[in-house]
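**Q** As input, take input.json (JSON, C-alpha atoms):
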```json
[["chain", "number", "residue", "atom", "x", "y", "z"],
["U", 1, "MET", "CA", 38.43, -7.03, -0.97],
["U", 2, "LYS", "CA", 37.19, -8.60, -4.21],
["U", 3, "ARG", "CA", 33.66, -8.69, -2.80],
["U", 4, "ILE", "CA", 33.73, -4.91, -2.20],
["U", 5, "GLN", "CA", 34.98, -4.31, -5.76],
["U", 6, "LEU", "CA", 32.25, -6.52, -7.19],
["U", 7, "ILE", "CA", 29.58, -4.69, -5.18],
["U", 8, "THR", "CA", 30.99, -1.33, -6.31],
["U", 9, "ILE", "CA", 30.96, -2.38, -9.99],
["U", 10, "LEU", "CA", 27.41, -3.76, -9.74],
["U", 11, "THR", "CA", 26.23, -0.56, -8.02],
["U", 12, "ILE", "CA", 27.74, 1.59, -10.78],
["U", 13, "LEU", "CA", 26.19, -0.57, -13.53],
["U", 14, "PHE", "CA", 22.79, -0.49, -11.82],
["U", 15, "SER", "CA", 22.99, 3.31, -11.40],
["U", 16, "VAL", "CA", 23.82, 3.82, -15.08],
["U", 17, "THR", "CA", 20.91, 1.59, -16.14],
["U", 18, "VAL", "CA", 18.43, 3.42, -13.89],
["U", 19, "PHE", "CA", 19.72, 6.81, -15.07],
["U", 20, "ALA", "CA", 19.33, 5.82, -18.74],
["U", 21, "GLN", "CA", 15.75, 4.68, -18.14],
["U", 22, "SER", "CA", 14.93, 7.84, -16.22],
["U", 23, "LYS", "CA", 16.27, 9.96, -19.07],
["U", 24, "GLU", "CA", 13.93, 8.17, -21.51],
["U", 25, "ASP", "CA", 11.03, 8.55, -19.07],
["U", 26, "LYS", "CA", 11.69, 12.27, -18.70],
["U", 27, "LYS", "CA", 11.74, 12.77, -22.50],
["U", 28, "LEU", "CA", 8.48, 10.85, -22.86],
["U", 29, "MET", "CA", 6.89, 12.93, -20.09],
["U", 30, "LYS", "CA", 7.95, 16.13, -21.82],
["U", 31, "ASP", "CA", 6.48, 14.85, -25.12],
["U", 32, "ALA", "CA", 3.24, 13.90, -23.31],
["U", 33, "GLU", "CA", 2.92, 17.41, -21.87],
["U", 34, "LYS", "CA", 3.43, 18.89, -25.35],
["U", 35, "ALA", "CA", 0.75, 16.56, -26.73],
["U", 36, "LYS", "CA", -1.63, 17.56, -23.91],
["U", 37, "ALA", "CA", -1.09, 21.23, -24.78],
["U", 38, "ALA", "CA", -1.74, 20.48, -28.47],
["U", 39, "PHE", "CA", -5.03, 18.72, -27.62],
["U", 40, "MET", "CA", -6.13, 21.68, -25.45],
["U", 41, "GLU", "CA", -5.18, 24.15, -28.17],
["U", 42, "LYS", "CA", -7.24, 22.24, -30.73],
["U", 43, "ASP", "CA", -10.26, 21.92, -28.38],
["U", 44, "PRO", "CA", -10.23, 23.86, -25.07],
["U", 45, "ASP", "CA", -13.25, 21.83, -23.83],
["U", 46, "ILE", "CA", -10.96, 18.83, -23.30],
["U", 47, "LYS", "CA", -9.61, 20.50, -20.12],
["U", 48, "GLU", "CA", -12.71, 19.29, -18.28],
["U", 49, "HIS", "CA", -11.80, 15.67, -19.03],
["U", 50, "PHE", "CA", -8.33, 16.07, -17.56],
["U", 51, "SER", "CA", -9.77, 17.33, -14.27],
["U", 52, "HIS", "CA", -12.72, 14.91, -13.96],
["U", 53, "ALA", "CA", -11.33, 11.58, -15.18],
["U", 54, "GLU", "CA", -10.28, 8.91, -12.69],
["U", 55, "ALA", "CA", -7.02, 8.71, -14.65],
["U", 56, "TYR", "CA", -5.73, 9.19, -18.18],
["U", 57, "VAL", "CA", -2.88, 8.07, -20.38],
["U", 58, "ILE", "CA", -1.24, 10.18, -23.08],
["U", 59, "PHE", "CA", 0.54, 8.54, -26.00],
["U", 60, "PRO", "CA", 2.32, 11.50, -27.62],
["U", 61, "ASN", "CA", 3.72, 9.60, -30.62],
["U", 62, "VAL", "CA", 1.83, 6.64, -32.05],
["U", 63, "GLY", "CA", 2.96, 5.23, -35.37],
["U", 64, "GLU", "CA", 0.62, 3.12, -37.49],
["U", 65, "GLY", "CA", 1.10, 1.42, -40.81],
["U", 66, "ALA", "CA", -0.96, -0.99, -42.86],
["U", 67, "LEU", "CA", -1.19, -2.89, -46.11],
["U", 68, "VAL", "CA", -3.97, -5.41, -45.37],
["U", 69, "VAL", "CA", -2.10, -6.39, -42.18],
["U", 70, "GLY", "CA", -1.69, -3.36, -39.96],
["U", 71, "GLY", "CA", 0.08, -2.48, -36.78],
["U", 72, "ALA", "CA", 0.57, 0.42, -34.43],
["U", 73, "SER", "CA", 2.68, 1.11, -31.38],
["U", 74, "GLY", "CA", 3.48, 3.91, -28.99],
["U", 75, "ASN", "CA", 4.72, 4.71, -25.53],
["U", 76, "GLY", "CA", 2.80, 6.85, -23.08],
["U", 77, "VAL", "CA", 2.52, 8.32, -19.62],
["U", 78, "VAL", "CA", -0.25, 7.45, -17.15],
["U", 79, "TYR", "CA", -1.59, 10.19, -14.88],
["U", 80, "GLU", "CA", -3.63, 10.05, -11.67],
["U", 81, "SER", "CA", -4.87, 13.38, -10.32],
["U", 82, "GLY", "CA", -2.71, 15.14, -12.90],
["U", 83, "ARG", "CA", 0.48, 13.47, -11.64],
["U", 84, "ALA", "CA", 2.55, 11.03, -13.73],
["U", 85, "ILE", "CA", 2.58, 7.67, -11.95],
["U", 86, "CYS", "CA", 3.78, 5.17, -14.56],
["U", 87, "MET", "CA", 4.54, 4.47, -18.20],
["U", 88, "ALA", "CA", 2.47, 2.50, -20.70],
["U", 89, "ASP", "CA", 3.17, 0.71, -23.97],
["U", 90, "MET", "CA", 0.51, 0.25, -26.63],
["U", 91, "THR", "CA", 0.51, -2.23, -29.50],
["U", 92, "LYS", "CA", -2.08, -3.05, -32.11],
["U", 93, "VAL", "CA", -2.14, -5.68, -34.85],
["U", 94, "ASP", "CA", -5.08, -6.19, -37.18],
["U", 95, "VAL", "CA", -6.02, -7.62, -40.55],
["U", 96, "GLY", "CA", -8.57, -6.22, -42.99],
["U", 97, "ALA", "CA", -9.22, -3.70, -45.73],
["U", 98, "GLN", "CA", -6.67, -1.03, -44.84],
["U", 99, "VAL", "CA", -3.77, 0.77, -46.41],
["U", 100, "GLY", "CA", -1.55, 3.69, -45.42],
["U", 101, "GLY", "CA", 0.44, 5.01, -42.54],
["U", 102, "GLU", "CA", 0.08, 7.79, -40.04],
["U", 103, "ALA", "CA", 1.43, 9.33, -36.88],
["U", 104, "TYR", "CA", -0.85, 10.65, -34.17],
["U", 105, "SER", "CA", -1.18, 11.44, -30.48],
["U", 106, "GLU", "CA", -3.77, 9.59, -28.41],
["U", 107, "ILE", "CA", -5.35, 10.17, -25.01],
["U", 108, "ILE", "CA", -7.41, 7.59, -23.15],
["U", 109, "PHE", "CA", -9.58, 8.85, -20.27],
["U", 110, "PHE", "CA", -10.84, 6.41, -17.63],
["U", 111, "LYS", "CA", -14.16, 7.50, -16.14],
["U", 112, "ASN", "CA", -14.05, 5.23, -13.11],
["U", 113, "GLU", "CA", -11.79, 2.99, -11.11],
["U", 114, "ALA", "CA", -12.96, -0.36, -12.56],
["U", 115, "GLU", "CA", -11.61, 0.23, -16.09],
["U", 116, "TYR", "CA", -8.52, 1.94, -14.74],
["U", 117, "ASP", "CA", -7.80, -1.05, -12.47],
["U", 118, "GLU", "CA", -8.02, -3.36, -15.49],
["U", 119, "PHE", "CA", -5.53, -1.14, -17.27],
["U", 120, "LYS", "CA", -3.12, -1.22, -14.30],
["U", 121, "ASP", "CA", -3.44, -5.01, -14.09],
["U", 122, "ASP", "CA", -2.53, -5.36, -17.81],
["U", 123, "GLU", "CA", -6.00, -6.82, -18.45],
["U", 124, "PHE", "CA", -7.29, -3.86, -20.47],
["U", 125, "SER", "CA", -7.61, -3.69, -24.23],
["U", 126, "LEU", "CA", -9.85, -1.66, -26.48],
["U", 127, "SER", "CA", -12.52, -3.82, -28.09],
["U", 128, "ALA", "CA", -12.53, -4.41, -31.83],
["U", 129, "LYS", "CA", -15.45, -1.96, -32.11],
["U", 130, "ALA", "CA", -13.73, 0.86, -30.21],
["U", 131, "SER", "CA", -13.23, 4.11, -32.04],
["U", 132, "ALA", "CA", -11.63, 7.39, -31.19],
["U", 133, "VAL", "CA", -12.94, 10.92, -31.36],
["U", 134, "LEU", "CA", -10.91, 13.00, -33.77],
["U", 135, "ILE", "CA", -10.11, 16.11, -31.77],
["U", 136, "GLU", "CA", -11.40, 19.39, -33.15],
["U", 137, "GLU", "CA", -13.18, 22.40, -31.65],
["U", 138, "GLY", "CA", -16.23, 21.17, -29.69],
["U", 139, "ALA", "CA", -15.47, 17.45, -30.02],
["U", 140, "ALA", "CA", -14.64, 16.99, -26.32],
["U", 141, "LYS", "CA", -17.92, 18.54, -25.20],
["U", 142, "GLU", "CA", -20.00, 16.30, -27.50],
["U", 143, "SER", "CA", -18.18, 13.03, -26.79],
["U", 144, "ILE", "CA", -19.45, 10.32, -24.44],
["U", 145, "TYR", "CA", -17.78, 7.56, -22.45],
["U", 146, "GLU", "CA", -18.15, 4.06, -23.89],
["U", 147, "ASN", "CA", -17.74, 1.33, -21.27],
["U", 148, "GLY", "CA", -16.08, 3.84, -18.95],
["U", 149, "VAL", "CA", -13.44, 4.88, -21.49],
["U", 150, "LYS", "CA", -13.11, 7.81, -23.86],
["U", 151, "VAL", "CA", -10.39, 8.01, -26.54],
["U", 152, "PHE", "CA", -9.24, 11.11, -28.43],
["U", 153, "VAL", "CA", -6.82, 11.20, -31.36],
["U", 154, "LEU", "CA", -4.89, 14.14, -32.78],
["U", 155, "PRO", "CA", -3.39, 13.40, -36.23],
["U", 156, "LYS", "CA", 0.18, 14.52, -36.77],
["U", 157, "ALA", "CA", 1.14, 13.22, -40.22],
["U", 158, "GLY", "CA", 0.26, 10.63, -42.84],
["U", 159, "LEU", "CA", -2.85, 9.18, -44.36],
["U", 160, "SER", "CA", -4.65, 6.00, -43.47],
["U", 161, "LEU", "CA", -7.90, 4.47, -44.67],
["U", 162, "GLU", "CA", -8.60, 2.86, -41.28],
["U", 163, "ALA", "CA", -9.63, 4.87, -38.23],
["U", 164, "SER", "CA", -10.40, 2.49, -35.38],
["U", 165, "VAL", "CA", -8.41, 2.09, -32.19],
["U", 166, "GLY", "CA", -9.99, -1.29, -31.44],
["U", 167, "GLY", "CA", -7.62, -4.12, -30.72],
["U", 168, "GLN", "CA", -5.06, -1.96, -28.93],
["U", 169, "GLU", "CA", -3.36, -3.76, -26.04],
["U", 170, "PHE", "CA", -1.47, -2.08, -23.23],
["U", 171, "ASP", "CA", 1.29, -2.75, -20.73],
["U", 172, "PHE", "CA", 1.59, -0.73, -17.53],
["U", 173, "THR", "CA", 5.14, -0.15, -16.16],
["U", 174, "PRO", "CA", 6.35, 1.81, -13.13],
["U", 175, "ILE", "CA", 8.39, 4.95, -13.68],
["U", 176, "SER", "CA", 12.06, 4.55, -12.89],
["U", 177, "GLU", "CA", 13.30, 6.29, -9.80],
["U", 178, "MET", "CA", 14.60, 9.72, -10.76]]
```
Represent the supplied structure as structure tokens.
**A**
Amino acid sequence: MKRIQLITILTILFSVTVFAQSKEDKKLMKDAEKAKAAFMEKDPDIKEHFSHAEAYVIFPNVGEGALVVGGASGNGVVYESGRAICMADMTKVDVGAQVGGEAYSEIIFFKNEAEYDEFKDDEFSLSAKASAVLIEEGAAKESIYENGVKVFVLPKAGLSLEASVGGQEFDFTPISEM
């Protein structure tokens, strides 16, 4: 009898934990779709990248702050063939001549499977020299892939005197069952 009660309690606790995670995932997915729409509104040419990339990840809300030592973080959604398949976390820490803070959305497009596989295996990071294309009308059409990756940024608020995305590290996590 006690064993059945214990199993029932553990099942309920597990269900509540999975539901809470799914709720967070759903909110993040909704934010990612809003960010995608904002990118397409700013530059309609970016639509081509969504349909031709091996995969892409959208970080709808990245926060960055710096006073010599800087950091950034954000959560995102990873898409294959336009379908959300997992979540991603991004962190960045750097030191140098920088000051300010900002909030922005970021999209990373993977041109081929090799770079995307590195990302999925948690072995991917943007090199110290990596930079993003600031999204504006025509920017998507003029941009090129660097080492199989293309990064776009859409500022939301703030001011920063540092504009690189180099040094970002990522973690790839499965979406909770919904």
**Q** Counting all atoms listed in the file, what is within 9 Å of Ala55 (chain U), bar same-chain residues fewer than 4 positions away, as a list in words?
**A** Phe50, Val78, Tyr79, Glu80, Ser81, Gly82, Ile108, Phe109, Phe110, Lys111, Asn112, Glu113 and Tyr116 of chain U
**Q** Could you pull the residues within 12 Å of Ala37 (chain U), counting only C-alpha atoms, minus those fewer than 6 positions along the same chain, as a ChimeraX atom specification?
**A** /U:30-31,43-44,46-47,50,58,60,105,107,154
**Q** Just to confirm, what's the straight-line distance from CA of Ala53 (chain U) to CA of Gly71 (chain U) in Å (one decimal)?
**A**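 We find that CA of Ala53 (chain U) and CA of Gly71 (chain U) lie 28.2 Å from each other.
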**Q** So, counting all atoms listed in the file, which residue among U:His49, U:Met90, U:Ala103, U:Asn147 is closest to Asn75 (chain U)?
**A**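 Going through U:His49, U:Met90, U:Ala103, U:Asn147 one by one, the smallest distance to Asn75 (chain U) is for U:Met90.
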**Q** Applying 9 Å and only C-alpha atoms, which residues near Ala88 (chain U) remain after dropping the ones on its own chain fewer than 6 positions away? List them as a list of chain:residue names.
**A**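 Residues meeting the cut-off are U:Val57, U:Ile58, U:Phe59, U:Gly74, U:Asn75, U:Gly76, U:Val77, U:Val78, U:Phe170, U:Asp171, U:Phe172, U:Thr173, U:Pro174.
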**Q** Looking at all atoms listed in the file, which of U:Val62, U:Lys36, U:Cys86, U:Ser143 is the one that sits closest to Lys120 (chain U)?
**A** U:Cys86
**Q** Using CA of Gly63 (chain U) and CA of Asp25 (chain U) as the two end points, give the distance in Å to one decimal.
**A**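 These atoms are spaced 18.5 Å apart.
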**Q** Between CA of Asp117 (chain U) and CA of Lys92 (chain U), measure the distance and give it in Å to one decimal.
**A**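 Those two atoms sit 20.6 Å apart.
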**Q** Using all atoms listed in the file, which residue out of U:Ala35, U:Met87, U:Ala72, U:Met40 lies closest to Ala140 (chain U)?
**A**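 Selected residue with least distance to Ala140 (chain U): U:Met40.
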**Q** Would you please work out which residue, of U:Leu28, U:Ile85, U:Thr91, U:Pro155, is nearest to Tyr56 (chain U) when using only C-alpha atoms?
**A**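 Counting only C-alpha atoms, the residue closest to Tyr56 (chain U) is U:Ile85.
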